[in-house]
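Visitor: My questions will all concern the structure given below.
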Amino acid sequence: MRKIALTDLTEQTCKWPVGDPTQDDFYFCGCEVPENTPYCAYHAKLAYQPVSERRRAS
Ligand SMILES: [Zn+2]
């Protein structure tokens with residue numbers, strides 16, 4: 001990961017947020033991605049993975 005800030009996001013960077021947005025160490029992945037793709041291959045997998053962890057929300 002390249003750890004870029006919100007202001008560094010472009011069409012060609014992975015927009016996967018890492019950490020807590022309220023904290024100073026919050027950043028975006030920033031890996032290069034093909035056009036019209038929001039996440040890099042690694043994070044796209046994470047994003048579309050079914051939630052395996054059971055939660056009490058339901
Ligand atoms: Zn990424």
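Residue numbering restarts at 1 for every chain of the structure tokens, chains are lettered A, B, ... in their displayed order, and ligands are numbered from 1 as they appear.
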Give me the residues of chain A that have any atom at most 12 Å from an atom of ligand 1; for each, the nearest atom pair and the distance in Å, rounded to one decimal. Use only C-alpha atoms and all ligand atoms, sort by chain and number, and format it as a tab-separated table.
Guide:
```
residue	atom	partner	partner_atom_place_in_ligand_line	distance
A:Met1	CA	ligand 1	1 (Zn)	6.8
A:Arg2	CA	ligand 1	1 (Zn)	8.9
A:Lys3	CA	ligand 1	1 (Zn)	9.6
A:Ile4	CA	ligand 1	1 (Zn)	10.7
A:Leu9	CA	ligand 1	1 (Zn)	11.7
A:Gln12	CA	ligand 1	1 (Zn)	10.9
A:Thr13	CA	ligand 1	1 (Zn)	7.9
A:Cys14	CA	ligand 1	1 (Zn)	4.7
A:Lys15	CA	ligand 1	1 (Zn)	6.7
A:Trp16	CA	ligand 1	1 (Zn)	5.4
A:Pro17	CA	ligand 1	1 (Zn)	8.4
A:Val18	CA	ligand 1	1 (Zn)	9.3
A:Tyr27	CA	ligand 1	1 (Zn)	10.9
A:Phe28	CA	ligand 1	1 (Zn)	7.7
A:Cys29	CA	ligand 1	1 (Zn)	4.5
A:Gly30	CA	ligand 1	1 (Zn)	6.2
A:Cys31	CA	ligand 1	1 (Zn)	5.4
A:Glu32	CA	ligand 1	1 (Zn)	8.1
A:Val33	CA	ligand 1	1 (Zn)	8.3
A:Pro34	CA	ligand 1	1 (Zn)	11.7
A:Thr37	CA	ligand 1	1 (Zn)	10.5
A:Pro38	CA	ligand 1	1 (Zn)	8.6
A:Tyr39	CA	ligand 1	1 (Zn)	5.3
A:Cys40	CA	ligand 1	1 (Zn)	4.3
A:Ala41	CA	ligand 1	1 (Zn)	6.9
A:Tyr42	CA	ligand 1	1 (Zn)	6.0
A:His43	CA	ligand 1	1 (Zn)	4.7
A:Ala44	CA	ligand 1	1 (Zn)	7.4
A:Lys45	CA	ligand 1	1 (Zn)	9.6
A:Leu46	CA	ligand 1	1 (Zn)	9.4
A:Ala47	CA	ligand 1	1 (Zn)	10.0
```
Visitor: Pick out the closest residue to A:Leu6 from this set: A:Asp20, A:Glu35, A:Val51, A:Phe26. Count only C-alpha atoms.
Guide: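 Looking at the shortest contact to A:Leu6, the residue is A:Phe26.
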Visitor: Check the DSSP output for the backbone and give back, as a count of residues only, the residues of chain A in helix (DSSP H, G or I).
Guide: 11
Visitor: Can you pull out every residue from chain A that DSSP, working from the backbone, puts in strand (DSSP E or B), and format the result as a PyMOL selection string?
Guide: chain A and resi 4+13+17-18+27-28+32
